[in-house]
Amino acid sequence: MKPAQQKKFDKKQFQANVKKHLTATYATTEENASTRQWYLAMGQALAEFTTLDLLQTETDKKITDAKSVNYLSLEFLIGRLTGNNLISMGLYENVTDAMAELGFNLTDLLEEERDPSLGNGGLGRLAACFMDSCAAQEFPTVGYGLHYEYGLFKQSFKEGAQQEAPDAWRGIEGYPWELVRPEIAQEIGFYGHVEVVMENGEEKRRWVPGMTVKAMPWDLPIVGYESNTVYPLRLWECQAIAPFSLESFNNGDYFEAQHSLIDAGNITKVLYPNDNHEKGKTLRLMQQYFHSAASIRDILRRHEAAGHALVDLPKYETVQLNDTHPTIAIPELMRILVDEKGFGWDKAWSISTKTFAYTNHTLLPEALETWSESLIQRLLPRHMEIIYRINHEFLMEVRAKWPGDVEKQRKLSIIQEGFHRMVRMANLCVVGSYAVNGVAALHSSLVKKDLFPEFDELYPTRLHNVTNGVTPRRWLKFCNPGLSALITEKIGDQWPAHLEQLSDISGFADDKAFQKQYMAVKKENKQRLATWVKENMDIELDTNAIFDVQIKRLHEYKRQHLNMLHILSLYHRLLNEPDFDMAPRVVFFAAKAAPGYHLAKEIIYAINKIAEKINNDARIGNKLKVVFMPDYRVSLAEIIIPASDVSEQISTAGKEASGTGNMKMALNGALTIGTMDGANVEIREEVGDENIYIFGLDVDGVNDIRARGYNPFDYYNSDHLLKASMDLLLGEEFTPGEPGKLRATFDSLLDGGDPYLCLADFASYVKAHEEMGEQYKDQSGWAKKAILNTALVGKFSSDRSIRDYVNNIWKLEPVHR
Ligand code: 26W
C-alpha cells in the first residue's frame with residue numbers, strides 16, 4: 001500500500017501567493033476584492049502546485065517509456081475541481097486553516113466556482129470518474145476532449161416550463177485551473193479535394209484541405225489521490241487561422257472558402273445538448289473530426305518525441321473511444337499512416353486495429369450514430385475513400401465467413417444502402433478496434449446478443465464487459481464528509497483508495513449505536529438539502545419524511561413520467577381513501593431536457609404544475625411534497641446524493657445501459673427502487689434481494705409483452721388506481737382555468753402507445769413503493785438496509801472499472817512517481 005502523500009505546505013507562503021494573485025492576476029486589492037476574486041486567487045495559488053507536477057509527469061521518462069491510455073471523449077463532465085483537488089493533494093485541512101486566517105470560510109469560497117459542465121450526462125461524468133481513477137492508481141493517461149466556450153445550457157423554470165440560457169463556465173476572468181499550451185497547438189483541415197501524385201513510381205493519394213483551423217490545447221490537471229501524479233485532461237479549442245483559405249480562394253473555390261468564415265470560430269463554441277439522440281448536423285461532425293484529428297496528432301507527436309517508432313504505436317499507446325463520437329479517429333490515423341508516413345495499407349491497418357478500443361454506452365436506435373456519406377464526402381473527402389477501402393476489405397471477410405449470404409453483407413456493411421447512403425459509425429468502430437465493451441453485465445450481453453451478434457461470431461474474442469463505476473473520492477469522501485468520518489472511525493482511512501474495504505462496515509449493520517450515528521449523519525445531510533430548497537425555492541420540507549430521489553437526464557426511457565404517475569396515485573389516495581396511511585415523502589427530481597425534445601419538456605412542465613398544487617394543498621397536510629430542482633449539475637448532485645433515502649432507477653428493462661447515479665446513491669446509503677436494468681442487476685447481486693426494491697418486467701418480460709402486442713388501454717381500463725391517477729391530467733386540477741394543458745403525457749401513454757411500457761409496470765411499481773414505505777416506519781430495520789448498501793457496493797468504485805480495462809483490454813502497468 002502506498003503511503004499517504006501530502007504536499008509540502010508552507011502556510012505563510014501560500015497566503016502570500018493568494019494575495020499576490022489577487023493583485024497581479026486579478027488586479028484588485030485585499031480591501032476591494034470580492035469573495036469570487038478571493039476564490040480565483042486561491043485557485044491560482046493552488047494550481048501552481050499541480051502545474052509543476054503536470055509538466056514533470058509529462059516529461060518523466062518512466063512515463064514516456066511506458067504504455068499509456070488516451071481517453072477520447074467529446075464530453076468530460078468534471079464538475080468543480082478545487083475541492084476535489086484539495087482532497088487529492090491532501091491539503092483540505094491546511095487550506096481551510098490558511099483561508100480562515102485570511103477571514104474566509106473555505107466552503108463559501110468553493111461555492112464561488114462555476115461547474116465546468118462540459119458534458120450531457122452519464123457518458124461525460126463517467127469519463128471524469130475514469131480520469132480520477134487512472135490518476136489515483138497511476139496508470140499513465142491523457143484525456144482528450146473539447147474546450148467548449150459554452151457548456152451544457154443553464155436551466156431555469158418559467159411558470160413551470162424549462163428555459164435555457166448559455167453557460168459561459170469560464171466567466172470573464174477565465175478558469176484558474178486551466179493552462180493554455182500554444183507550443184503544442186495543431187492545424188486541422190476540412191473540405192477540399194484529394195490529389196493523386198506519383199512517388200517513386202507509385203500512385204499516392206493526398207488530401208488538400210480547403211480550409212484550415214487551429215487546435216489550441218488547454219490542459220486541466222487531473223490530480224491523483226494522495227500521489228504526485230498529475231495527468232492532463234487536454235481540451236482543444238478551435239481558433240481561426242485566417243478568415244479563409246487563400247488557396248481555395250485563388251482556385252476560384254469561392255464558396256468553399258466562405259465556409260471557413262462561418263464555421264471556424266464556431267466549431268468549439270457550444271456543447272451539443274442532445275443526450276441519446278443523434279441529429280446529423282454538419283457542425284457536430286466538424287467537432288468530432290476536429291477533436292479526433294487534434295488528439296491523434298498529439299498522440300503521434302508524443303510518441304515520436306519519446307523516440308519510439310511508428311510501428312510500435314500499439315506497444316506504447318492505446319486509444320479508448322468513448323462511444324462512437326470520436327470514430328473518425330480511425331480513418332484519420334489510417335490516413336496519416338498511409339498518406340503521410342508511407343505505410344502500406346495492411347501494415348497501417350494492423351497498427352491501427354491494435355491501437356483502438358471502443359466502448360458502447362447505449363442501445364437506443366435513435367442514439368446510434370450514422371453520418372450521411374455525402375456529408376463526409378464533402379467535409380472529409382479522403383476519409384470517405386478510406387472508409388470505402390476499410391469496408392471493402394471487411395466485406396471480403398464477411399463473404400469468406402458466410403459465402404453467398406447477401407443479407408449478412410447488407411446488415412454488417414459499414415455503409416447503409418438506400419436513397420441516402422449512411423455511414424454506420426458503430427460498425428466502423430467494431431471493425432477498426434481490438435476490443436469493444438458494454439458498460440454493465442446485462443448491457444454487454446445485449447450488445448452481444450442483439451446489437452452485434454454477427455460481429456461476435458466473426459470476432460469471438462472482441463466483445464467484453466466492463467461494468468461502470470464512480471470515484472469514491474468525489475462521491476463519498478468529498479460530498480459526504482459526515483459519513484466519511486464515521487466510516488473512517490470504524491475501518492480506518494484507506495477505503496477511498498480501496499473501496500472493497502467498505503464491506504467491513506457490514507459487521508456494524510445490526511449495531512444499534514452505529515445505526516443511530518449513521519441515521520444522524522443522513523439527517524444532517526437531509527437538513528443541508530432542505531436548507532438549500534428553502535433558500536432557493538422557498539419550499540419547507542420535513543426531514544423526517546422519506547427523501548425519494550430521481551436525478552438524471554429527462555428521457556422517456558428513464559420514465560420520470562412513471563414516477564409522476566405514482567405521485568398522482570398517492571395524491572389521489574390521500575384525498576380519497578380516509579384511512580390511507582403512508583410514510584410522509586418528498587419526491588425530488590432534477591433533470592434537463594434536450595431543448596428540442598418536446599415531450600421531455602412537457603413532462604417537466606407537468607411535474608412542476610403537479611408540484612405547485614400538491615405542495616400547497618392543505619388537505620393532505622405535509623404528507624407529500626414534490627420538488628423539481630432547477631439546473632441539475634454535478635455540484636447539485638453533491639448536495640442531493642448524500643441526502644437521498646430512496647434512489648429511483650426505473651428505466652424500461654433493456655434500455656439503460658448501466659446508470660451511475662444508482663451507484664452513487666447506494667454508496668451514500670439510499671435504497672434503490674429499480675427495474676432489472678443496467679447496473680441495477682449487479683447492485684442487487686451485491687447488496688442482496690432484501691436490501692433493494694426490484695419491480696416490473698425484466699428484459700424477457702418486455703420482449704414477451706411486445707411480441708404479444710402491447711396495448712396500454714388494457715391496463716388503463718382495468719386498473720382503477722391507474723385510471724384515476726392518469727385522469728387527473730385531463731382537467732384543470734393542476735392548471736386552473738386552462739384545462740387539458742397536461743394532456744401531452746397522457747396522450748403519449750395511451751394513443752401514443754406508451755413506447756416505454758409505463759402502464760405495464762405501474763401496478764408493480766406502486767407495490768414496491770408500498771413495501772418500501774412500510775419499511776421506513778421501522779427505522780432500525782431501515783438503517784440496517786441503508787448501512788448494508790454502503791457496505792456492499794465497493795465493487796462500483798471506478799478504480800475497479802479502470803483495473804478491468806487495464807487487465808482485460810489496455811494491458812498497461814502503473815508508473816509510480
Ligand atoms: C449523438 C447523440 C448522443 C449523445 C450522447 C448519443 C449518445 C450519447 C450517450 C452515449 C448517452 C449516454 O450518456 N449514455 C449513458 O452512458 C452512461 C455511462 O456508461 C451509462 O451509465 C448510461 O446508462 C447511458 O445512458
# chains A, B, ... in the order shown; residues from 1 in each chain; ligands from 1

call {"tool": "residues_near_ligand", "arguments": {"ligand": "ligand 1", "cutoff": "6 Å", "atoms": "only C-alpha atoms and all ligand atoms", "output": "ChimeraX atom specification"}}
result
/A:121-123,126,274-278,323,361-362,367,369,439,656-660

call {"tool": "residues_around", "arguments": {"residues": "region 200-208 of chain A", "least_positions_apart": "2", "cutoff": "12 Å", "atoms": "only C-alpha atoms", "output": "VMD selection string"}}
result
chain A and resid 188 to 198 210 to 212 245 247 to 248 332 335 to 345 377 379 to 386

call {"tool": "atom_distance", "arguments": {"atom1": "CA of Ala435 (chain A)", "atom2": "CA of Arg284 (chain A)"}}
result
25.7 Å

call {"tool": "residues_around", "arguments": {"residues": "Val436 (chain A)", "least_positions_apart": "5", "cutoff": "10 Å", "atoms": "only C-alpha atoms", "output": "list in words"}}
result
Gln320, Leu321, Asp323, Phe356, Ala357, Tyr358, Thr359, Asn360, Cys429, Val430, Val431, Ser444, Val447, Thr461, Arg462, Leu463, His464, Asn465, Val466 and Ile809 of chain A

call {"tool": "write_last_selection", "arguments": {"atoms": "all heavy atoms", "output": "compact mmCIF listing (two decimals), in the first residue's frame"}}
result
# COMPACT_ATOMS: atom_id res chain seq x y z
N GLN A 320 -8.84 4.80 -26.35
CA GLN A 320 -10.18 4.35 -25.98
C GLN A 320 -11.20 5.34 -26.53
O GLN A 320 -11.13 6.54 -26.23
CB GLN A 320 -10.31 4.25 -24.46
CG GLN A 320 -11.57 3.58 -23.98
CD GLN A 320 -11.64 2.11 -24.36
OE1 GLN A 320 -10.62 1.40 -24.36
NE2 GLN A 320 -12.83 1.64 -24.73
N LEU A 321 -12.11 4.86 -27.36
CA LEU A 321 -13.14 5.73 -27.95
C LEU A 321 -14.38 5.70 -27.07
O LEU A 321 -15.01 4.65 -26.90
CB LEU A 321 -13.48 5.24 -29.36
CG LEU A 321 -12.30 5.12 -30.34
CD1 LEU A 321 -12.75 4.47 -31.66
CD2 LEU A 321 -11.68 6.50 -30.62
N ASP A 323 -17.79 5.94 -26.71
CA ASP A 323 -18.88 5.83 -27.68
C ASP A 323 -18.35 6.11 -29.09
O ASP A 323 -17.14 6.19 -29.31
CB ASP A 323 -20.07 6.71 -27.31
CG ASP A 323 -21.39 6.01 -27.69
OD1 ASP A 323 -21.79 6.09 -28.87
OD2 ASP A 323 -21.96 5.35 -26.82
N PHE A 356 -6.90 0.95 -31.34
CA PHE A 356 -8.21 1.46 -30.92
C PHE A 356 -9.04 0.42 -30.16
O PHE A 356 -9.02 -0.77 -30.48
CB PHE A 356 -9.03 1.91 -32.13
CG PHE A 356 -8.49 3.17 -32.76
CD1 PHE A 356 -7.78 3.13 -33.96
CD2 PHE A 356 -8.70 4.40 -32.14
CE1 PHE A 356 -7.28 4.29 -34.53
CE2 PHE A 356 -8.20 5.57 -32.72
CZ PHE A 356 -7.49 5.51 -33.91
N ALA A 357 -9.75 0.92 -29.16
CA ALA A 357 -10.78 0.13 -28.48
C ALA A 357 -12.00 1.03 -28.33
O ALA A 357 -11.87 2.25 -28.28
CB ALA A 357 -10.28 -0.33 -27.12
N TYR A 358 -13.17 0.43 -28.29
CA TYR A 358 -14.42 1.21 -28.35
C TYR A 358 -15.39 0.78 -27.26
O TYR A 358 -15.58 -0.40 -27.02
CB TYR A 358 -15.02 1.05 -29.75
CG TYR A 358 -16.52 1.15 -29.88
CD1 TYR A 358 -17.20 2.32 -29.55
CD2 TYR A 358 -17.27 0.07 -30.36
CE1 TYR A 358 -18.59 2.40 -29.69
CE2 TYR A 358 -18.65 0.15 -30.50
CZ TYR A 358 -19.31 1.31 -30.16
OH TYR A 358 -20.68 1.38 -30.30
N THR A 359 -15.97 1.76 -26.57
CA THR A 359 -16.99 1.49 -25.57
C THR A 359 -18.36 1.91 -26.10
O THR A 359 -18.53 3.04 -26.56
CB THR A 359 -16.73 2.30 -24.28
OG1 THR A 359 -15.42 2.01 -23.82
CG2 THR A 359 -17.74 1.93 -23.20
N ASN A 360 -19.30 0.98 -26.04
CA ASN A 360 -20.68 1.32 -26.41
C ASN A 360 -21.46 1.68 -25.14
O ASN A 360 -21.40 0.97 -24.14
CB ASN A 360 -21.33 0.11 -27.11
CG ASN A 360 -22.81 0.31 -27.31
OD1 ASN A 360 -23.60 0.21 -26.38
ND2 ASN A 360 -23.20 0.63 -28.53
N CYS A 429 -16.46 1.20 -35.86
CA CYS A 429 -15.73 1.02 -34.60
C CYS A 429 -15.44 -0.45 -34.32
O CYS A 429 -14.33 -0.80 -33.92
CB CYS A 429 -16.56 1.57 -33.43
SG CYS A 429 -16.33 3.32 -33.20
N VAL A 430 -16.42 -1.30 -34.51
CA VAL A 430 -16.21 -2.71 -34.20
C VAL A 430 -15.15 -3.30 -35.14
O VAL A 430 -14.27 -4.04 -34.72
CB VAL A 430 -17.52 -3.52 -34.31
CG1 VAL A 430 -17.27 -4.98 -33.98
CG2 VAL A 430 -18.56 -2.95 -33.37
N VAL A 431 -15.24 -2.92 -36.41
CA VAL A 431 -14.28 -3.44 -37.39
C VAL A 431 -12.88 -2.91 -37.10
O VAL A 431 -11.89 -3.62 -37.25
CB VAL A 431 -14.73 -3.07 -38.82
CG1 VAL A 431 -13.68 -3.45 -39.84
CG2 VAL A 431 -16.06 -3.75 -39.14
N SER A 444 -23.81 -5.51 -21.74
CA SER A 444 -22.82 -6.18 -22.59
C SER A 444 -23.40 -7.45 -23.21
O SER A 444 -23.07 -7.78 -24.35
CB SER A 444 -21.56 -6.49 -21.80
OG SER A 444 -20.97 -5.28 -21.36
N VAL A 447 -25.46 -6.26 -26.04
CA VAL A 447 -24.60 -5.83 -27.14
C VAL A 447 -24.24 -7.07 -27.97
O VAL A 447 -24.30 -7.05 -29.20
CB VAL A 447 -23.33 -5.13 -26.61
CG1 VAL A 447 -22.28 -4.99 -27.70
CG2 VAL A 447 -23.67 -3.75 -26.04
N THR A 461 -13.45 -13.05 -29.79
CA THR A 461 -12.82 -12.57 -28.54
C THR A 461 -12.90 -11.06 -28.40
O THR A 461 -12.33 -10.48 -27.48
CB THR A 461 -11.33 -12.98 -28.48
OG1 THR A 461 -10.68 -12.42 -29.63
CG2 THR A 461 -11.17 -14.49 -28.49
N ARG A 462 -13.59 -10.41 -29.32
CA ARG A 462 -13.52 -8.94 -29.34
C ARG A 462 -14.46 -8.27 -28.33
O ARG A 462 -14.14 -7.21 -27.78
CB ARG A 462 -13.83 -8.44 -30.76
CG ARG A 462 -13.43 -7.00 -30.96
CD ARG A 462 -13.34 -6.60 -32.42
NE ARG A 462 -12.28 -7.32 -33.14
CZ ARG A 462 -11.95 -7.10 -34.41
NH1 ARG A 462 -12.59 -6.19 -35.12
NH2 ARG A 462 -10.98 -7.80 -34.97
N LEU A 463 -15.60 -8.87 -28.05
CA LEU A 463 -16.59 -8.19 -27.20
C LEU A 463 -16.37 -8.49 -25.71
O LEU A 463 -16.21 -9.64 -25.32
CB LEU A 463 -18.01 -8.60 -27.61
CG LEU A 463 -18.41 -8.38 -29.08
CD1 LEU A 463 -19.92 -8.61 -29.26
CD2 LEU A 463 -18.05 -6.98 -29.57
N HIS A 464 -16.39 -7.43 -24.91
CA HIS A 464 -16.12 -7.55 -23.47
C HIS A 464 -17.21 -6.86 -22.66
O HIS A 464 -18.01 -6.11 -23.19
CB HIS A 464 -14.80 -6.85 -23.10
CG HIS A 464 -13.59 -7.37 -23.77
ND1 HIS A 464 -12.59 -8.04 -23.10
CD2 HIS A 464 -13.19 -7.33 -25.07
CE1 HIS A 464 -11.63 -8.37 -23.94
NE2 HIS A 464 -11.97 -7.95 -25.14
N ASN A 465 -17.15 -7.10 -21.35
CA ASN A 465 -17.92 -6.25 -20.42
C ASN A 465 -16.95 -5.55 -19.48
O ASN A 465 -16.02 -6.16 -18.97
CB ASN A 465 -18.88 -7.09 -19.58
CG ASN A 465 -19.52 -6.23 -18.50
OD1 ASN A 465 -19.33 -6.40 -17.30
ND2 ASN A 465 -20.26 -5.21 -18.93
N VAL A 466 -17.19 -4.27 -19.26
CA VAL A 466 -16.56 -3.59 -18.14
C VAL A 466 -17.66 -2.83 -17.41
O VAL A 466 -18.20 -1.84 -17.95
CB VAL A 466 -15.46 -2.60 -18.58
CG1 VAL A 466 -14.86 -1.92 -17.35
CG2 VAL A 466 -14.36 -3.31 -19.37
N ILE A 809 -8.17 -5.20 -21.30
CA ILE A 809 -8.18 -4.51 -22.59
C ILE A 809 -6.87 -3.75 -22.83
O ILE A 809 -6.11 -4.08 -23.74
CB ILE A 809 -9.41 -3.57 -22.68
CG1 ILE A 809 -10.70 -4.43 -22.61
CG2 ILE A 809 -9.38 -2.76 -23.97
CD1 ILE A 809 -12.00 -3.67 -22.65

call {"tool": "atom_distance", "arguments": {"atom1": "CA of Ile614 (chain A)", "atom2": "CA of Asp538 (chain A)"}}
result
14.6 Å

call {"tool": "residues_around", "arguments": {"residues": "Leu788 (chain A)", "least_positions_apart": "6", "cutoff": "9 Å", "atoms": "only C-alpha atoms", "output": "list of chain:residue names"}}
result
A:Ser503, A:Ile505, A:Ser506, A:Phe508, A:Ala509, A:Gly669, A:Val687, A:Asn691

call {"tool": "closest_residue", "arguments": {"among": "A:Ile787, A:Leu458, A:Ile328, A:Leu483", "to": "Val423 (chain A)", "atoms": "only C-alpha atoms"}}
result
A:Ile328

call {"tool": "residues_around", "arguments": {"residues": "Lys279 (chain A)", "least_positions_apart": "5", "cutoff": "12 Å", "atoms": "only C-alpha atoms", "output": "ChimeraX atom specification"}}
result
/A:272-274,284-285,366-372,594,596-597

call {"tool": "select_by_dssp", "arguments": {"residues": "region 290-530 of chain A", "states": "alpha helix (DSSP H)", "output": "JSON, numbers by chain"}}
result
{"A": [290, 291, 292, 293, 294, 295, 296, 297, 298, 299, 300, 301, 302, 303, 304, 305, 313, 314, 315, 316, 329, 330, 331, 332, 333, 334, 335, 345, 346, 347, 348, 349, 350, 351, 352, 353, 373, 374, 375, 376, 377, 378, 379, 381, 382, 383, 384, 385, 386, 387, 388, 389, 390, 391, 392, 393, 394, 395, 396, 397, 398, 399, 400, 401, 406, 407, 408, 409, 410, 411, 412, 425, 426, 427, 428, 429, 430, 431, 432, 441, 442, 443, 444, 445, 446, 453, 454, 455, 456, 457, 458, 472, 481, 482, 483, 484, 485, 486, 487, 488, 489, 490, 491, 512, 513, 514, 515, 516, 517, 518, 519, 520, 521, 522, 523, 524, 525, 526, 527, 528, 529, 530]}

call {"tool": "residues_around", "arguments": {"residues": "Ser647 (chain A)", "least_positions_apart": "4", "cutoff": "7 Å", "atoms": "only C-alpha atoms", "output": "PyMOL selection string"}}
result
chain A and resi 548-550+662+665+670-673

call {"tool": "select_by_dssp", "arguments": {"residues": "region 86-273 of chain A", "states": "strand (DSSP E)", "output": "short mmCIF file (atom, residue, chain, number, x, y, z; two decimals) with C-alpha atoms, in the first residue's frame"}}
result
data_model
loop_
_atom_site.label_atom_id
_atom_site.label_comp_id
_atom_site.auth_asym_id
_atom_site.auth_seq_id
_atom_site.Cartn_x
_atom_site.Cartn_y
_atom_site.Cartn_z
CA THR A 141 -3.30 8.55 -19.08
CA VAL A 142 -4.09 11.52 -21.25
CA GLY A 143 -7.72 12.63 -21.54
CA TYR A 144 -8.64 14.35 -24.81
CA GLY A 145 -11.75 16.48 -25.09
CA LEU A 146 -13.08 19.79 -26.40
CA LYS A 154 -28.29 26.54 -17.70
CA GLN A 155 -31.84 25.57 -16.86
CA SER A 156 -34.49 27.63 -15.12
CA PHE A 157 -38.26 27.31 -14.92
CA LYS A 158 -40.69 29.97 -16.03
CA ALA A 161 -41.59 25.40 -18.22
CA GLN A 162 -37.89 24.82 -18.92
CA GLN A 163 -35.92 27.85 -20.08
CA GLU A 164 -32.40 27.55 -21.40
CA ALA A 165 -29.59 30.07 -21.04
CA LEU A 179 -3.32 26.13 -18.69
CA VAL A 180 -3.05 27.12 -22.34
CA GLN A 186 -2.13 21.75 -34.15
CA GLU A 187 -3.60 22.67 -37.52
CA ILE A 188 -6.68 20.86 -38.72
CA GLY A 189 -8.13 20.82 -42.23
CA PHE A 190 -11.62 20.47 -43.66
CA HIS A 193 -10.15 17.58 -52.53
CA VAL A 194 -7.91 14.55 -53.00
CA GLU A 195 -4.92 14.72 -55.32
CA VAL A 196 -3.12 11.84 -56.96
CA VAL A 197 0.65 12.18 -57.00
CA MET A 198 3.36 9.85 -58.22
CA GLU A 199 6.00 9.00 -55.64
CA GLU A 202 3.85 4.67 -57.02
CA GLU A 203 0.47 6.33 -57.05
CA LYS A 204 -0.19 8.19 -53.81
CA ARG A 205 -3.32 9.96 -52.68
CA ARG A 206 -3.15 13.23 -50.76
CA TRP A 207 -5.84 15.31 -49.19
CA VAL A 208 -5.66 19.03 -49.91
CA MET A 211 -9.92 25.27 -45.02
CA THR A 212 -7.63 25.06 -42.05
CA VAL A 213 -8.19 25.92 -38.40
CA LYS A 214 -6.01 25.93 -35.32
CA ALA A 215 -6.49 23.49 -32.43
CA MET A 216 -5.31 25.18 -29.26
CA PRO A 217 -4.88 22.87 -26.26
CA TRP A 218 -5.94 23.81 -22.74
CA ASP A 219 -4.77 21.43 -20.01
CA LEU A 220 -6.68 20.76 -16.82
CA PRO A 221 -4.73 18.92 -14.12
CA ILE A 222 -6.14 15.57 -13.00
CA VAL A 223 -4.60 15.07 -9.60
CA VAL A 230 -0.92 14.69 -12.33
CA TYR A 231 -2.24 13.78 -15.77
CA PRO A 232 -3.55 16.24 -18.33
CA LEU A 233 -7.11 16.50 -19.45
CA ARG A 234 -6.32 18.18 -22.77
CA LEU A 235 -9.21 20.18 -24.20
CA TRP A 236 -8.95 21.54 -27.76
CA GLU A 237 -10.24 24.97 -28.62
CA CYS A 238 -10.85 25.90 -32.24
CA GLN A 239 -9.38 29.17 -33.45
CA ALA A 240 -9.47 30.61 -36.94
#

call {"tool": "closest_residue", "arguments": {"among": "A:Lys811, A:Lys613, A:Arg421, A:Lys448", "to": "Lys315 (chain A)", "atoms": "only C-alpha atoms"}}
result
A:Lys811

call {"tool": "residues_around", "arguments": {"residues": "region 701-706 of chain A", "least_positions_apart": "4", "cutoff": "9 Å", "atoms": "only C-alpha atoms", "output": "list in words"}}
result
Thr652, Ala653, Gly654, Gly696, Leu697, Tyr710, Asn711, Leu757 and Ala760 of chain A

call {"tool": "write_last_selection", "arguments": {"atoms": "C-alpha atoms", "output": "PDB file, in the first residue's frame"}}
result
ATOM      1  CA  THR A 652     -37.713   0.129 -19.037  1.00  0.00           C
ATOM      2  CA  ALA A 653     -35.683  -3.083 -18.800  1.00  0.00           C
ATOM      3  CA  GLY A 654     -33.040  -3.256 -21.513  1.00  0.00           C
ATOM      4  CA  GLY A 696     -41.537  -4.550 -13.123  1.00  0.00           C
ATOM      5  CA  LEU A 697     -40.881  -6.506 -16.276  1.00  0.00           C
ATOM      6  CA  TYR A 710     -48.839  -4.404 -26.125  1.00  0.00           C
ATOM      7  CA  ASN A 711     -51.952  -2.331 -25.618  1.00  0.00           C
ATOM      8  CA  LEU A 757     -44.350   0.411 -21.001  1.00  0.00           C
ATOM      9  CA  ALA A 760     -47.439  -2.281 -17.766  1.00  0.00           C
TER      10      ALA A 760
END

call {"tool": "closest_residue", "arguments": {"among": "A:Pro584, A:Asp698, A:Phe746, A:Ile604", "to": "Gly773 (chain A)", "atoms": "only C-alpha atoms"}}
result
A:Pro584

call {"tool": "closest_residue", "arguments": {"among": "A:Thr745, A:Asn427, A:Thr467, A:Asn536", "to": "Ala600 (chain A)", "atoms": "only C-alpha atoms"}}
result
A:Thr745

call {"tool": "atom_distance", "arguments": {"atom1": "CA of Leu333 (chain A)", "atom2": "CA of Pro365 (chain A)"}}
result
27.8 Å

call {"tool": "closest_atom_pairs", "arguments": {"of": "region 634-674 of chain A", "to": "region 58-79 of chain A", "cutoff": "12 Å", "atoms": "only C-alpha atoms", "output": "tab-separated table"}}
result
residue	atom	partner	partner_atom	distance
A:Val634	CA	A:Gly79	CA	5.2
A:Ser635	CA	A:Gly79	CA	6.5
A:Leu636	CA	A:Gly79	CA	9.8
A:Ala637	CA	A:Gly79	CA	10.0
A:Glu638	CA	A:Gly79	CA	9.7

call {"tool": "closest_residue", "arguments": {"among": "A:Ala185, A:Arg803, A:Lys516, A:Phe734", "to": "Ile241 (chain A)", "atoms": "only C-alpha atoms"}}
result
A:Ala185

call {"tool": "closest_residue", "arguments": {"among": "A:Met663, A:Leu476, A:Cys758, A:Leu624", "to": "Glu540 (chain A)", "atoms": "only C-alpha atoms"}}
result
A:Leu624

call {"tool": "decode", "arguments": {"residues": "region 272-276 of chain A", "atoms": "all heavy atoms", "output": "PDB file, in the first residue's frame"}}
result
ATOM      1  N   TYR A 272     -23.123  20.248 -27.859  1.00  0.00           N
ATOM      2  CA  TYR A 272     -24.448  19.819 -28.315  1.00  0.00           C
ATOM      3  C   TYR A 272     -25.230  19.235 -27.139  1.00  0.00           C
ATOM      4  O   TYR A 272     -24.723  18.352 -26.449  1.00  0.00           O
ATOM      5  CB  TYR A 272     -24.340  18.800 -29.448  1.00  0.00           C
ATOM      6  CG  TYR A 272     -24.256  19.478 -30.802  1.00  0.00           C
ATOM      7  CD1 TYR A 272     -23.046  19.842 -31.344  1.00  0.00           C
ATOM      8  CD2 TYR A 272     -25.422  19.775 -31.500  1.00  0.00           C
ATOM      9  CE1 TYR A 272     -22.975  20.487 -32.575  1.00  0.00           C
ATOM     10  CE2 TYR A 272     -25.366  20.426 -32.726  1.00  0.00           C
ATOM     11  CZ  TYR A 272     -24.141  20.778 -33.260  1.00  0.00           C
ATOM     12  OH  TYR A 272     -24.087  21.424 -34.465  1.00  0.00           O
ATOM     13  N   PRO A 273     -26.436  19.735 -26.907  1.00  0.00           N
ATOM     14  CA  PRO A 273     -27.168  19.340 -25.690  1.00  0.00           C
ATOM     15  C   PRO A 273     -27.993  18.068 -25.836  1.00  0.00           C
ATOM     16  O   PRO A 273     -28.807  17.762 -24.987  1.00  0.00           O
ATOM     17  CB  PRO A 273     -28.078  20.545 -25.450  1.00  0.00           C
ATOM     18  CG  PRO A 273     -28.347  21.077 -26.817  1.00  0.00           C
ATOM     19  CD  PRO A 273     -27.121  20.800 -27.647  1.00  0.00           C
ATOM     20  N   ASN A 274     -27.796  17.322 -26.932  1.00  0.00           N
ATOM     21  CA  ASN A 274     -28.576  16.095 -27.090  1.00  0.00           C
ATOM     22  C   ASN A 274     -27.930  14.961 -26.338  1.00  0.00           C
ATOM     23  O   ASN A 274     -26.728  14.769 -26.394  1.00  0.00           O
ATOM     24  CB  ASN A 274     -28.679  15.687 -28.557  1.00  0.00           C
ATOM     25  CG  ASN A 274     -29.289  16.793 -29.383  1.00  0.00           C
ATOM     26  OD1 ASN A 274     -30.183  17.481 -28.916  1.00  0.00           O
ATOM     27  ND2 ASN A 274     -28.779  16.966 -30.578  1.00  0.00           N
ATOM     28  N   ASP A 275     -28.763  14.200 -25.685  1.00  0.00           N
ATOM     29  CA  ASP A 275     -28.304  13.043 -24.966  1.00  0.00           C
ATOM     30  C   ASP A 275     -29.088  11.873 -25.539  1.00  0.00           C
ATOM     31  O   ASP A 275     -30.310  11.905 -25.554  1.00  0.00           O
ATOM     32  CB  ASP A 275     -28.633  13.242 -23.481  1.00  0.00           C
ATOM     33  CG  ASP A 275     -28.113  12.125 -22.629  1.00  0.00           C
ATOM     34  OD1 ASP A 275     -26.937  12.174 -22.274  1.00  0.00           O
ATOM     35  OD2 ASP A 275     -28.889  11.209 -22.327  1.00  0.00           O
ATOM     36  N   ASN A 276     -28.375  10.889 -26.038  1.00  0.00           N
ATOM     37  CA  ASN A 276     -29.067   9.731 -26.591  1.00  0.00           C
ATOM     38  C   ASN A 276     -29.971  10.076 -27.769  1.00  0.00           C
ATOM     39  O   ASN A 276     -30.968   9.411 -27.979  1.00  0.00           O
ATOM     40  CB  ASN A 276     -29.889   9.026 -25.500  1.00  0.00           C
ATOM     41  CG  ASN A 276     -29.068   7.953 -24.825  1.00  0.00           C
ATOM     42  OD1 ASN A 276     -28.515   7.086 -25.489  1.00  0.00           O
ATOM     43  ND2 ASN A 276     -28.966   8.021 -23.515  1.00  0.00           N
TER      44      ASN A 276
END
